[in-house]
Amino acid sequence: MNQTHLEGGFADPARDGARAFRAALQAMARPGRIETVAGLVPPAPCSPAAAALIVTLCDPTTPLYLAPSHDGGALRDWIVFHTGAPLVAAEAATFALGTWAALQPVARFAIGTPAYPDRSATLIVERDVLSNDGAILRGPGIADHARLSLPELAAFRDNRRCFPLGFDCYFTCGDRLAGLPRSTRVEG
Amino acid sequence: MNHTDYNFAYLDEQTKRMIRRAILKGVAVPGYQVPFASREMPMPYGWGTGGVQVTAACLVPEDVLKVIDQGADDTTNAVSIRKFFEKTAQVAVTEKTLEATIIQTRHRIPETALTEDQILVYQVPIPEPLRFLEPSEVETRKMHALEEYGLMHVKLYEDIARHGAIATAYAYPVKVEGRYVMDPSPIPKFDNPKLESPALQLFGAGREQRIYAVPPFTQVVSLDFDDHPFDPSKAPHPCALCGADDSYLDEVITDDAGGRMFVCSDTDFCAGRREDAP
């Protein structure tokens, strides 16, 4: 039996998981803020920050889609062992993991229904760079405006137009993460 | 039972994950009530089980927790919840608003302005602002989906027709970010302007199984009419203990002869002002 997928989890799941969620919560509540999470050693190409989100939020009740960029054997085994999340097609996913290019087309992800806008996907987008420059963000959680290096603008503008429906995004890079809820207005 | 017999912050990890997902969706859709699988807690419904579950899901070991009940740190509900988290999460606790990183509250917002580093967790009895106007969950859900809030304005209008003013004094309905009408929990309407805050605000309703959120700097507008604008009124007195004329006051009966005094409802704010006074 392969040993590696059993390792690399949180040393102290309850407390480390609490700290990881707090980072994820602050990131989603304050778009543009970059938070740091540490403590996980997932198989490549998954970043520690993306792994922290998956381990903290996914379980057997949350179908997960692995985009082609992240659909490797070692990572599959690791995620299944640490979360028990069923791996599914994009249309059925509650969470999705991959690079922005691999997640396309994003229009296929669940955006909720008018009665239940919470029944929507959360995309975990792996990025090579994550910094406070580029697109201007305005909306809930932001005092005036914030800046975040987004992979593109059009998709997030389209997503905002669906509000209160839409998907929500995390961007991860190494051990850092930032959030972009559907409520954020994105300008060039 | 020894405290080490509990998981950190009482709830099991699977439950926390479920609550955490609900909180994040609540943050993403400000004012929308996210259903969640509320658990039995070791306290009765109505004692803040929703707030306790939200706090348990958010707590980190480094947090400093403050719990207030109607503004007071020393009432039964506040003391028991504070002790609960001291025992099950071993977190530091405080009565000082400025020192706290998480504040769980029943029916008040602290007078002291909150900061970006703080999270305010509300205990909510009835999360649905339309519930007393429309008892059916199917119907109220449809009304939120269609942004059909005329009934709420009719209710406020009937208040004016009958009493000459909007008579709702607490749980005064608000519209969040121009979309969802939300019950701010039974805080006095005096506190409504403080709902626009640099702090993150989370709302937990345990019996009704709903979680919702107001992210920092989110627009929160109290419903009103152009000719009857919102009025965050309070008792027209200064505090009898600290002299503050800008805080929300409790009326306290002092004897059998009709004697009474008005004192700050926020005990930490009042005590701090008396300490600072020369």
# chains A, B, ... in the order shown; residues from 1 in each chain; ligands from 1

$ residues_around --residues "range 118-133 of chain A" --least-positions-apart "5" --cutoff "7 Å" --atoms "only C-alpha atoms" --output "list in words"
Gly32, Ala50, Ala93, Thr94, Phe95, Ala96, Leu97, Gly98, Thr99, Trp100, Phe109, Ala110, Ile111, Gly112, Thr113, Arg147, Leu148, Ser149, Gly166, Phe167, Asp168, Cys169, Tyr170, Phe171, Thr172 and Cys173 of chain A; Lys25 and Val34 of chain B

$ residues_around --residues "Phe269 in chain B" --least-positions-apart "3" --cutoff "10 Å" --atoms "only C-alpha atoms" --output "PDB file with C-alpha atoms, in the first residue's frame"
ATOM      1  CA  GLY B  71     -25.030  44.536  26.595  1.00  0.00           C
ATOM      2  CA  ALA B  72     -24.043  42.997  29.926  1.00  0.00           C
ATOM      3  CA  GLU B  95     -15.144  41.720  29.299  1.00  0.00           C
ATOM      4  CA  LYS B  96     -13.381  44.552  27.468  1.00  0.00           C
ATOM      5  CA  THR B  97     -14.705  45.197  23.956  1.00  0.00           C
ATOM      6  CA  PRO B 110     -21.286  47.154  21.786  1.00  0.00           C
ATOM      7  CA  GLU B 111     -21.147  50.952  22.092  1.00  0.00           C
ATOM      8  CA  THR B 112     -17.385  50.963  21.520  1.00  0.00           C
ATOM      9  CA  CYS B 242     -21.532  57.441  33.864  1.00  0.00           C
ATOM     10  CA  ALA B 244     -23.209  59.245  28.806  1.00  0.00           C
ATOM     11  CA  SER B 247     -25.473  55.235  24.707  1.00  0.00           C
ATOM     12  CA  CYS B 264     -26.102  52.133  30.093  1.00  0.00           C
ATOM     13  CA  SER B 265     -27.053  48.709  28.774  1.00  0.00           C
ATOM     14  CA  ASP B 266     -23.389  48.146  27.732  1.00  0.00           C
ATOM     15  CA  GLY B 272     -14.830  52.156  31.303  1.00  0.00           C
ATOM     16  CA  ARG B 273     -16.283  55.687  31.298  1.00  0.00           C
ATOM     17  CA  ARG B 274     -16.502  55.692  35.099  1.00  0.00           C
TER      18      ARG B 274
END

$ atom_distance --atom1 "CA of Pro86 in chain A" --atom2 "CA of Pro63 in chain A"
5.0 Å

$ interface_residues --of "chain B" --to "chain A" --cutoff "9 Å" --atoms "only C-alpha atoms" --output "PyMOL selection string"
chain B and resi 7-9+12-14+16-18+20-30+32-35+57-61+141-146+177+179+198+200+214-219

$ atom_distance --atom1 "CA of Tyr45 in chain B" --atom2 "CA of Ile211 in chain B"
15.0 Å

$ residues_around --residues "Ala165 in chain B" --least-positions-apart "6" --cutoff "12 Å" --atoms "only C-alpha atoms" --output "list of chain:residue names"
B:Lys155, B:Leu156, B:Tyr157, B:Glu158, B:Asp159, B:Asp224, B:Phe225, B:Asp227, B:His228, B:Pro229, B:Phe230, B:Asp231, B:Ser233
